[in-house]
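Have a look at target-v4.cif below; it lists mmCIF, C-alpha atoms.
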data_target
loop_
_atom_site.label_atom_id
_atom_site.label_comp_id
_atom_site.auth_asym_id
_atom_site.auth_seq_id
_atom_site.Cartn_x
_atom_site.Cartn_y
_atom_site.Cartn_z
CA MET T 29 -55.83 -13.30 -29.62
CA ALA T 30 -54.82 -9.68 -30.19
CA ARG T 31 -55.43 -7.29 -27.35
CA GLU T 32 -57.85 -4.41 -27.81
CA ARG T 33 -56.23 -1.16 -28.92
CA PRO T 34 -55.98 1.41 -26.13
CA PRO T 35 -57.79 4.71 -26.58
CA LEU T 36 -55.95 7.33 -28.57
CA GLU T 37 -55.90 9.65 -25.56
CA GLU T 38 -53.85 7.09 -23.60
CA MET T 39 -51.24 6.51 -26.33
CA THR T 40 -47.72 7.90 -26.07
CA LEU T 41 -46.23 10.27 -28.61
CA ARG T 42 -44.34 7.44 -30.28
CA GLN T 43 -47.47 5.32 -30.55
CA LEU T 44 -49.41 8.21 -32.09
CA ARG T 45 -46.60 8.69 -34.61
CA LYS T 46 -46.92 5.07 -35.63
CA VAL T 47 -50.65 5.52 -36.15
CA ALA T 48 -50.08 8.76 -38.09
CA ALA T 49 -47.57 7.03 -40.35
CA GLU T 50 -50.09 4.31 -41.10
CA LEU T 51 -52.77 6.93 -41.88
CA GLU T 52 -50.25 8.79 -44.10
CA ILE T 53 -50.50 12.03 -42.19
CA SER T 54 -47.94 14.49 -43.58
CA ARG T 55 -45.35 16.21 -41.32
CA TYR T 56 -46.48 14.15 -38.32
CA SER T 57 -42.94 14.10 -36.87
CA ARG T 58 -43.06 17.88 -36.27
CA MET T 59 -46.47 17.93 -34.64
CA ARG T 60 -47.09 18.11 -30.94
CA LYS T 61 -49.07 15.39 -29.24
CA SER T 62 -52.31 17.41 -29.11
CA GLN T 63 -52.15 18.30 -32.83
CA LEU T 64 -51.30 14.74 -33.79
CA LEU T 65 -54.17 13.35 -31.72
CA ALA T 66 -56.67 15.77 -33.31
CA ASP T 67 -55.61 14.88 -36.88
CA ILE T 68 -55.79 11.14 -36.18
CA GLN T 69 -59.28 11.45 -34.68
CA THR T 70 -60.46 13.49 -37.68
CA ILE T 71 -59.22 10.91 -40.16
CA LEU T 72 -60.60 7.96 -38.20
CA SER T 73 -64.02 9.59 -37.88
CA ALA T 74 -64.08 10.21 -41.65
CA GLN T 75 -63.33 6.56 -42.27
CA GLY T 76 -66.09 5.37 -39.91
CA ALA T 77 -68.49 4.70 -42.80
CA ALA T 78 -66.29 2.02 -44.29
CA SER T 79 -66.37 -0.67 -41.58
CA THR T 80 -64.10 -3.06 -43.45
CA GLN T 81 -61.44 -0.46 -43.84
CA THR T 82 -61.88 0.50 -40.25
CA ASP T 83 -61.44 -3.09 -39.01
CA ARG T 84 -58.29 -3.52 -41.06
CA SER T 85 -56.87 -0.22 -39.81
CA ASN T 86 -57.66 -1.10 -36.20
CA SER T 87 -55.93 -4.45 -36.56
CA GLU T 88 -52.82 -2.95 -38.09
CA ILE T 89 -52.81 -0.10 -35.62
CA GLN T 90 -53.00 -2.59 -32.77
CA GLU T 91 -50.02 -4.49 -34.17
CA ILE T 92 -48.07 -1.26 -34.44
CA VAL T 93 -48.95 -0.34 -30.88
CA GLU T 94 -47.96 -3.79 -29.58
CA ALA T 95 -44.63 -3.65 -31.42
CA SER T 96 -43.90 -0.15 -30.16
CA LYS T 97 -43.92 -1.38 -26.56
CA PHE T 98 -40.54 -3.03 -27.11
CA ASN T 99 -38.96 -0.07 -28.88
CA LEU T 100 -36.64 1.77 -26.47
CA GLY T 101 -35.54 4.52 -28.82
CA SER T 102 -35.42 8.22 -27.95
CA GLU T 103 -38.63 10.22 -27.88
CA GLU T 104 -36.98 13.59 -28.31
CA THR T 105 -38.80 15.91 -30.66
CA GLU T 106 -37.18 18.39 -32.99
CA GLU T 107 -38.29 21.16 -30.66
CA ASN T 108 -36.45 19.50 -27.76
CA LEU T 109 -33.31 19.15 -29.87
CA GLU T 110 -33.47 22.78 -30.83
CA SER T 111 -33.88 23.85 -27.20
CA LEU T 112 -30.85 21.78 -26.13
CA ALA T 113 -28.78 23.33 -28.90
CA ASP T 114 -29.70 26.79 -27.61
CA ILE T 115 -28.53 25.79 -24.10
CA ASP T 116 -25.20 24.49 -25.41
CA GLN T 117 -24.54 27.73 -27.26
CA SER T 118 -24.97 29.77 -24.09
CA ILE T 119 -22.59 27.64 -22.00
CA GLY T 120 -19.32 28.47 -23.76
CA ASP T 121 -15.98 26.62 -23.67
CA LEU T 122 -14.39 25.22 -20.52
CA PRO T 123 -11.65 27.45 -19.04
CA SER T 124 -8.00 26.40 -19.36
CA GLY T 125 -7.56 26.88 -15.61
CA TYR T 126 -9.41 27.89 -12.45
CA GLY T 127 -6.87 30.30 -10.97
CA GLU T 128 -5.96 28.06 -8.03
CA SER T 129 -2.76 26.04 -7.66
CA ARG T 130 -3.51 22.38 -7.10
CA ILE T 131 -1.79 19.04 -7.66
CA VAL T 132 -3.34 15.58 -7.13
CA LEU T 133 -1.47 12.28 -6.76
CA LEU T 134 -3.49 9.15 -7.64
CA PRO T 135 -1.95 5.65 -7.34
CA ARG T 136 -2.73 3.61 -10.45
CA ASP T 137 -1.20 0.39 -9.09
CA PRO T 138 1.66 -0.52 -6.70
CA GLN T 139 4.25 0.47 -9.34
CA TRP T 140 2.82 3.59 -11.03
CA ALA T 141 0.97 6.75 -9.98
CA TYR T 142 -0.89 9.38 -12.01
CA VAL T 143 -0.36 13.08 -11.24
CA TYR T 144 -2.26 16.06 -12.61
CA TRP T 145 -2.03 19.72 -11.65
CA ASP T 146 -3.42 23.19 -12.38
CA VAL T 147 -1.20 26.23 -11.69
CA PRO T 148 -2.04 29.77 -12.93
CA ASN T 149 0.55 31.42 -15.15
CA SER T 150 0.76 34.42 -12.82
CA GLN T 151 2.22 32.25 -10.05
CA LYS T 152 4.69 30.66 -12.46
CA GLU T 153 5.86 34.07 -13.64
CA GLU T 154 6.34 35.21 -10.04
CA LEU T 155 8.61 32.26 -9.24
CA ARG T 156 10.52 32.73 -12.49
CA ARG T 157 11.23 36.32 -11.43
CA GLN T 158 12.62 34.91 -8.17
CA GLY T 159 15.15 32.82 -10.09
CA GLY T 160 13.22 29.70 -11.12
CA GLN T 161 14.56 28.20 -14.32
CA GLN T 162 13.48 24.59 -14.75
CA LEU T 163 9.97 23.38 -13.94
CA ALA T 164 10.24 19.99 -12.22
CA LEU T 165 8.03 17.42 -10.56
CA ARG T 166 9.18 15.76 -7.34
CA LEU T 167 8.01 12.59 -5.62
CA TYR T 168 8.77 12.38 -1.88
CA ASP T 169 8.73 9.28 0.31
CA ALA T 170 6.86 10.66 3.35
CA THR T 171 6.38 7.44 5.32
CA ASP T 172 6.05 8.20 9.06
CA ILE T 173 7.37 11.76 8.68
CA ASN T 174 6.03 15.31 8.32
CA LEU T 175 7.53 17.17 5.36
CA ASP T 176 6.85 20.52 6.99
CA TYR T 177 9.82 20.07 9.31
CA GLN T 178 11.40 16.69 8.45
CA THR T 179 13.56 15.46 5.59
CA PRO T 180 11.91 12.93 3.23
CA ASN T 181 13.20 9.38 3.21
CA ASN T 182 14.09 9.80 -0.46
CA LEU T 183 13.00 11.86 -3.44
CA GLN T 184 12.69 11.46 -7.20
CA GLU T 185 12.83 14.50 -9.51
CA TYR T 186 11.61 14.73 -13.11
CA ASN T 187 11.94 17.74 -15.43
CA SER T 188 8.60 18.91 -16.76
CA ASP T 189 7.44 20.99 -19.71
CA GLU T 190 5.73 24.31 -19.05
CA LEU T 191 2.62 23.22 -20.96
CA ALA T 192 2.32 19.80 -19.28
CA ARG T 193 -0.67 19.27 -17.01
CA GLU T 194 -0.29 15.57 -16.10
CA TRP T 195 2.35 12.89 -15.63
CA TYR T 196 2.83 9.20 -14.83
CA LEU T 197 5.43 8.56 -12.12
CA PRO T 198 7.13 5.23 -11.30
CA ILE T 199 6.85 4.23 -7.64
CA PRO T 200 10.24 3.23 -6.12
CA ILE T 201 8.85 1.12 -3.24
CA SER T 202 5.26 0.03 -2.74
CA ASP T 203 3.31 0.01 0.54
CA ARG T 204 4.60 3.45 1.55
CA ASP T 205 3.31 7.06 1.74
CA TYR T 206 4.17 9.52 -1.04
CA VAL T 207 3.73 13.23 -1.77
CA ALA T 208 3.98 14.94 -5.18
CA GLU T 209 5.33 18.48 -5.46
CA LEU T 210 5.63 20.87 -8.40
CA GLY T 211 8.15 23.69 -8.41
CA TYR T 212 11.12 25.44 -10.00
CA ARG T 213 14.78 24.60 -9.61
CA CYS T 214 17.10 27.62 -9.56
CA ALA T 215 20.66 27.94 -10.81
CA ASP T 216 21.91 28.44 -7.25
CA GLY T 217 20.29 25.19 -6.10
CA ARG T 218 17.19 26.67 -4.49
CA TRP T 219 13.84 24.91 -4.82
CA LEU T 220 10.75 27.10 -5.23
CA VAL T 221 7.49 25.29 -4.52
CA LEU T 222 4.40 25.90 -6.63
CA THR T 223 2.03 23.37 -5.07
CA ARG T 224 2.12 20.16 -3.05
CA SER T 225 -0.30 17.23 -2.98
CA LYS T 226 -1.73 15.43 0.02
CA VAL T 227 -0.11 12.32 1.46
CA VAL T 228 -1.19 9.23 -0.49
CA HIS T 229 -0.50 5.61 0.45
CA VAL T 230 0.55 3.32 -2.40
CA PRO T 231 -0.73 -0.27 -1.94
CA PRO T 232 1.74 -3.15 -1.63
CA VAL T 233 2.70 -5.39 -4.53
CA PHE T 234 2.03 -8.63 -2.65
CA PRO T 235 -0.90 -9.55 -0.41
CA SER T 236 -0.42 -8.64 3.21
CA GLU T 237 0.63 -11.35 5.66
CA TRP T 238 -1.30 -9.62 8.42
CA VAL T 239 -4.11 -11.92 9.60
CA GLU T 240 -6.11 -10.81 12.62
CA ASP T 241 -9.60 -12.12 13.32
CA ASN T 242 -11.71 -10.20 15.82
CA PHE T 243 -15.31 -11.08 16.57
CA ILE T 244 -17.63 -8.53 18.14
CA THR T 245 -21.29 -8.59 19.10
CA VAL T 246 -23.46 -5.71 17.88
CA PRO T 247 -26.98 -5.38 19.32
CA TRP T 248 -29.69 -5.65 16.72
CA ASP T 249 -31.14 -2.26 17.67
CA GLN T 250 -27.76 -0.48 17.64
CA THR T 251 -27.40 2.44 15.24
CA LEU T 252 -24.53 1.68 12.88
CA LYS T 253 -24.20 5.06 11.23
CA GLY T 254 -21.11 6.92 12.42
CA GLN T 255 -20.18 4.23 14.95
CA THR T 256 -16.78 2.56 15.37
CA PHE T 257 -16.94 -0.75 17.19
CA PHE T 258 -13.36 -1.96 16.71
CA THR T 259 -10.19 -0.45 15.28
CA LEU T 260 -7.61 -2.67 13.62
CA VAL T 261 -4.02 -1.63 14.28
CA PRO T 262 -1.34 -2.81 11.82
CA PRO T 263 1.51 -4.80 13.36
CA ALA T 264 4.00 -2.04 12.54
CA LYS T 265 1.92 0.48 14.53
CA LYS T 266 1.40 -1.64 17.60
CA VAL T 267 3.26 -0.78 20.79
CA VAL T 268 5.53 -3.59 21.84
CA PRO T 269 4.93 -4.42 25.51
CA ALA T 270 7.90 -4.06 27.82
CA PRO T 271 9.59 -7.36 28.62
CA GLU T 272 8.66 -8.78 31.94
CA GLU T 273 11.27 -8.67 34.65
CA PRO T 274 12.68 -12.08 35.50
CA VAL T 275 11.33 -13.45 38.75
CA THR T 276 14.07 -13.73 41.30
CA THR T 277 13.73 -16.01 44.29
CA SER T 278 15.35 -15.57 47.63
CA ASP T 279 16.90 -19.06 47.57
CA SER T 280 19.02 -20.68 44.89
CA SER T 281 16.98 -23.86 44.58
CA TYR T 282 16.45 -23.35 40.83
CA ASP T 283 20.19 -23.03 40.18
CA GLU T 284 20.93 -26.06 42.33
CA ILE T 285 18.43 -28.20 40.42
CA PHE T 286 19.84 -26.98 37.11
CA ASN T 287 23.45 -27.78 38.17
CA ILE T 288 22.43 -31.26 39.33
CA ALA T 289 20.68 -31.91 36.01
CA ARG T 290 23.69 -30.65 34.05
CA GLU T 291 26.09 -32.89 36.03
CA ALA T 292 23.79 -35.86 35.51
CA GLU T 293 23.79 -35.21 31.76
CA VAL T 294 27.60 -35.16 31.68
CA GLN T 295 27.72 -38.39 33.65
CA ARG T 296 25.08 -39.97 31.38
CA ILE T 297 27.17 -39.24 28.32
CA SER T 298 30.30 -40.55 30.04
CA GLY T 299 28.52 -43.82 30.90
CA SER T 300 26.89 -44.30 27.50
CA LEU T 301 28.06 -46.56 24.71
CA TYR T 302 29.71 -43.53 23.07
CA GLY T 303 31.54 -42.68 26.30
CA SER T 304 32.63 -46.30 26.72
CA MET T 305 34.19 -46.28 23.28
CA GLN T 306 36.16 -43.21 24.31
CA HIS T 307 37.55 -45.11 27.33
CA GLU T 308 38.44 -48.28 25.40
CA SER T 309 42.07 -49.32 25.67
CA GLY T 310 44.11 -51.02 23.02
CA ILE T 311 43.97 -54.44 24.68
CA GLY T 312 40.76 -55.88 26.04
CA VAL T 313 37.91 -53.90 27.52
CA ALA T 314 38.30 -51.52 30.42
CA PRO T 315 36.07 -51.84 33.49
CA GLU T 316 34.32 -48.59 32.54
CA SER T 317 33.49 -50.07 29.16
CA LEU T 318 32.08 -53.21 30.71
CA SER T 319 29.92 -51.31 33.11
CA SER T 320 28.58 -49.14 30.30
CA PHE T 321 27.52 -52.10 28.26
CA VAL T 322 25.71 -53.56 31.24
CA PHE T 323 24.16 -50.27 32.38
CA PRO T 324 23.85 -47.94 29.36
CA SER T 325 21.79 -45.52 31.48
CA GLY T 326 24.93 -44.31 33.20
CA ALA T 327 24.67 -46.36 36.36
CA GLY T 328 27.62 -48.48 35.32
CA LEU T 329 30.06 -45.61 35.59
CA PHE T 330 28.89 -44.70 39.08
CA ALA T 331 28.97 -48.35 40.11
CA GLY T 332 32.52 -48.67 38.88
CA ALA T 333 33.51 -45.47 40.66
CA ALA T 334 32.07 -46.80 43.89
CA GLY T 335 34.04 -50.05 43.62
CA ALA T 336 30.95 -52.10 42.71
CA ILE T 337 32.80 -53.75 39.82
CA SER T 338 35.27 -56.43 40.78
CA ALA T 339 37.54 -58.72 38.80
CA SER T 340 35.11 -61.61 39.15
CA GLY T 341 32.02 -59.70 37.96
CA ILE T 342 29.58 -57.05 39.05
CA ASN T 343 28.56 -56.27 42.56
CA TYR T 344 24.80 -55.72 42.48
CA SER T 345 25.05 -53.43 45.47
CA GLY T 346 26.17 -50.81 43.00
CA ILE T 347 22.82 -50.95 41.30
CA GLY T 348 21.04 -50.14 44.49
CA MET T 349 23.36 -47.25 45.14
CA MET T 350 22.46 -45.70 41.78
CA SER T 351 18.70 -46.19 42.02
CA SER T 352 18.29 -42.81 43.69
CA TYR T 353 19.50 -41.06 40.53
CA SER T 354 17.04 -42.69 38.16
CA PHE T 355 14.70 -39.64 38.15
CA PHE T 356 16.98 -37.59 35.89
CA SER T 357 15.83 -37.17 32.30
CA SER T 358 17.97 -38.38 29.46
CA GLU T 359 17.28 -35.16 27.48
CA ALA T 360 19.15 -31.86 27.80
CA PRO T 361 17.44 -29.27 30.00
CA ILE T 362 15.29 -26.59 28.37
CA ARG T 363 15.75 -22.90 29.18
CA PRO T 364 14.28 -19.80 27.53
CA ARG T 365 16.63 -17.70 25.46
CA GLN T 366 16.33 -14.31 23.81
CA PHE T 367 17.95 -13.24 20.57
CA TRP T 368 17.77 -10.07 18.48
CA LEU T 369 19.36 -8.26 15.54
CA VAL T 370 19.24 -4.66 14.31
CA ALA T 371 20.81 -3.69 10.98
CA ASP T 372 20.24 -0.88 8.51
CA ALA T 373 22.15 1.36 6.11
CA GLU T 374 22.89 5.07 5.97
CA LEU T 375 23.94 7.06 2.94
CA ILE T 376 26.78 9.56 3.43
CA VAL T 377 27.65 12.09 0.73
CA TYR T 378 30.71 14.21 1.43
CA GLY T 379 32.92 16.65 -0.45
CA ALA T 380 34.61 20.06 -0.39
CA THR T 381 34.64 23.31 -2.33
CA GLU T 382 35.38 26.98 -1.72
CA PRO T 383 34.20 28.05 1.75
CA ASP T 384 32.11 30.93 0.35
CA ALA T 385 30.35 28.82 -2.33
CA SER T 386 26.76 27.57 -2.29
CA VAL T 387 26.16 23.81 -2.43
CA THR T 388 22.87 21.93 -2.85
CA ILE T 389 22.21 18.19 -2.77
CA GLY T 390 18.95 17.14 -4.33
CA GLY T 391 17.77 20.74 -4.30
CA ARG T 392 18.45 21.22 -0.57
CA PRO T 393 21.08 23.75 0.53
CA ILE T 394 23.98 22.24 2.48
CA LYS T 395 25.89 24.14 5.16
CA LEU T 396 29.65 24.21 4.56
CA ASN T 397 32.31 23.99 7.24
CA ALA T 398 34.92 26.71 7.70
CA ASP T 399 37.34 24.92 5.36
CA GLY T 400 34.69 24.32 2.66
CA THR T 401 34.07 20.66 3.46
CA PHE T 402 30.57 19.24 3.80
CA ARG T 403 28.96 15.97 4.84
CA PHE T 404 25.37 14.88 4.17
CA HIS T 405 23.70 11.99 6.03
CA THR T 406 20.37 10.43 5.03
CA SER T 407 18.52 7.15 5.43
CA PHE T 408 19.37 4.61 2.72
CA GLN T 409 16.13 2.73 2.02
CA ASP T 410 15.34 0.21 -0.71
CA GLY T 411 15.01 1.57 -4.22
CA ILE T 412 16.85 4.12 -6.33
CA GLN T 413 17.89 7.38 -4.69
CA ASP T 414 18.83 10.26 -6.97
CA TYR T 415 21.16 12.98 -5.63
CA PRO T 416 22.27 15.77 -8.00
CA ILE T 417 24.99 17.89 -6.33
CA PHE T 418 25.37 21.48 -7.54
CA ALA T 419 27.92 24.10 -6.42
CA VAL T 420 27.91 27.80 -7.38
CA ALA T 421 30.75 30.25 -6.73
CA ALA T 422 30.18 33.30 -4.57
CA ASP T 423 30.11 35.63 -7.59
CA GLY T 424 27.63 33.37 -9.40
CA GLU T 425 29.82 33.14 -12.50
CA GLN T 426 31.15 29.64 -12.05
CA ASN T 427 29.46 26.37 -11.08
CA ARG T 428 30.25 22.69 -10.83
CA ALA T 429 27.95 19.68 -10.63
CA ILE T 430 27.92 15.93 -10.12
CA HIS T 431 24.93 13.63 -10.43
CA MET T 432 24.94 10.36 -8.43
CA LYS T 433 22.40 7.55 -8.14
CA PHE T 434 22.33 4.85 -5.50
CA GLU T 435 20.31 1.64 -5.42
CA ARG T 436 19.63 -0.66 -2.49
CA GLN T 437 17.93 -4.07 -2.40
CA THR T 438 17.05 -5.85 0.82
CA LEU T 439 16.67 -9.51 -0.14
CA GLU T 440 15.70 -10.72 3.34
CA ARG T 441 14.61 -9.06 6.58
CA ARG T 442 14.16 -11.00 9.84
CA THR T 443 15.21 -8.49 12.48
CA ASN T 444 13.98 -7.25 15.86
CA THR T 445 15.20 -4.88 18.52
CA LYS T 446 16.37 -5.85 21.95
CA GLU T 447 13.13 -4.57 23.45
CA GLU T 448 11.13 -6.71 21.02
CA ALA T 449 13.07 -9.88 21.80
CA ILE T 450 10.89 -12.49 23.51
CA PRO T 451 11.95 -15.67 25.33
CA GLU T 452 12.08 -18.70 23.05
CA TRP T 453 11.99 -22.22 24.44
CA ILE T 454 14.50 -24.19 22.43
CA SER T 455 15.24 -27.81 23.25
#

As structure tokens - that is how I would like this structure written.
Amino acid sequence: MARERPPLEEMTLRQLRKVAAELEISRYSRMRKSQLLADIQTILSAQGAASTQTDRSNSEIQEIVEASKFNLGSEETEENLESLADIDQSIGDLPSGYGESRIVLLPRDPQWAYVYWDVPNSQKEELRRQGGQQLALRLYDATDINLDYQTPNNLQEYNSDELAREWYLPIPISDRDYVAELGYRCADGRWLVLTRSKVVHVPPVFPSEWVEDNFITVPWDQTLKGQTFFTLVPPAKKVVPAPEEPVTTSDSSYDEIFNIAREAEVQRISGSLYGSMQHESGIGVAPESLSSFVFPSGAGLFAGAAGAISASGINYSGIGMMSSYSFFSSEAPIRPRQFWLVADAELIVYGATEPDASVTIGGRPIKLNADGTFRFHTSFQDGIQDYPIFAVAADGEQNRAIHMKFERQTLERRTNTKEEAIPEWIS
């Protein structure tokens, strides 16, 4: 059974349009709701005399109204569209820049990062007047260091176009902190900085092996906003407790017990079947061998040493003499031991030139010795390290350069320091 048509005053603009279309009202799409409602009421009142026509119209109108409930199209009028167009015309185009130097480093995944920047042309022109020639983008490994006064672990440099505003950079090593920097490289090796990004941590390639379960109890009425109930500390950031000092006793009872156990072990091996075979002579069986076969626990050797073995057989008094030693274990004693290993690599770049020349390695000026020699030390971490070396004569007319790349791969790492070594009980 069809539902009764709602009053015209309660219909939406879309519903009234459907009714106007059925009544063949011209230009109904450009009418406002009040005008459309008045025209529909006028036409319906004029058709009130013909009841049959009215019933048919009401039925069709009701169907249109019911169908319009499921229509989710836009209800924007032409007037609304015209008003939005006026607003768009007054906005204008977006500016090419905002007059503030900024660079943002965003990790895309453990192997790539996205960088975008905005630097005003006035600042670029100022650095070009200071000697900047090639615009370049640098990626610093800033793990556990402060670039304001420390040297980065390694750096990657990429030449950039003056019109570029974004770049994708390959990440040398995942699970480390990185900083992006935009600047100019000069002919004399200087590096002029335009802008530097914040420190960003690149996630690791593989899932972390760090598993640490901590259970806490939070009262039901406790306010959670802005509260910190427990802070997880990564294993690399934890402070290793100092090793406990070995407990020393005033007497040497521990050493005496250990020496007795060690002597008993030597005697057990000597009196075993293996030890008997070592004492076998070429003809017949030696007394030691006989005693070992009879007493494989080691008592046979002591019995033979005490004269318990005679030519006619075995003197059982020897067994009683050895009964006091039966408490010794047949296994080797267990003592804690500590072991540790520290190993790493360092990259050394060295050379020589004229004492009054200027030398840069990777854009950093290097101090020369009195004879013109130089030596550059840096940490050699996993990945590719790029070191362009550039030398300029004192008069600035001549220059020499060499570009070297180094790659390191650590296939396995199971190391610890001496302070981190812990006692291990190995049987």

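Residues within 10 Å of T:Thr171, counting only C-alpha atoms and excluding same-chain residues fewer than 4 positions away, are Leu175, Pro180, Asn181, Asn182, Asp203, Arg204, Asp205, Tyr206, Val207, Val227, Val228 and His229 of chain T.
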
(Q) Could you list, as a list in words, every residue matched by the PyMOL selection byres ((chain T and resi 242-247) around 10) in this structure? (A)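 Here the PyMOL selection byres ((chain T and resi 242-247) around 10) matches Val239, Glu240, Asp241, Trp248, Asp249, Gln250, Thr251, Leu252, Phe257, Phe258, Thr259 and Leu260 of chain T.
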
Q: Name the residues in contact with T:Pro451 at a cut-off of 7 Å, using only C-alpha atoms, excluding same-chain residues fewer than 6 positions from it; report them as a list in words.
A: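 In the requested form, the answer reads Pro364, Arg365 and Gln366 of chain T.
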
Q) Applied to this file, what does the PyMOL selection byres ((chain T and resi 382) around 9) return in terms of residues, put as a list of chain:residue names? A) T:Ala380, T:Thr381, T:Pro383, T:Asp384, T:Ala385, T:Ser386, T:Leu396, T:Asp399, T:Gly400, T:Thr401, T:Ala421, T:Ala422

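Minimum distance to T:Leu51 across T:Glu38, T:Ile68, T:Gln63, T:Tyr126 (counting only C-alpha atoms) occurs at T:Ile68.
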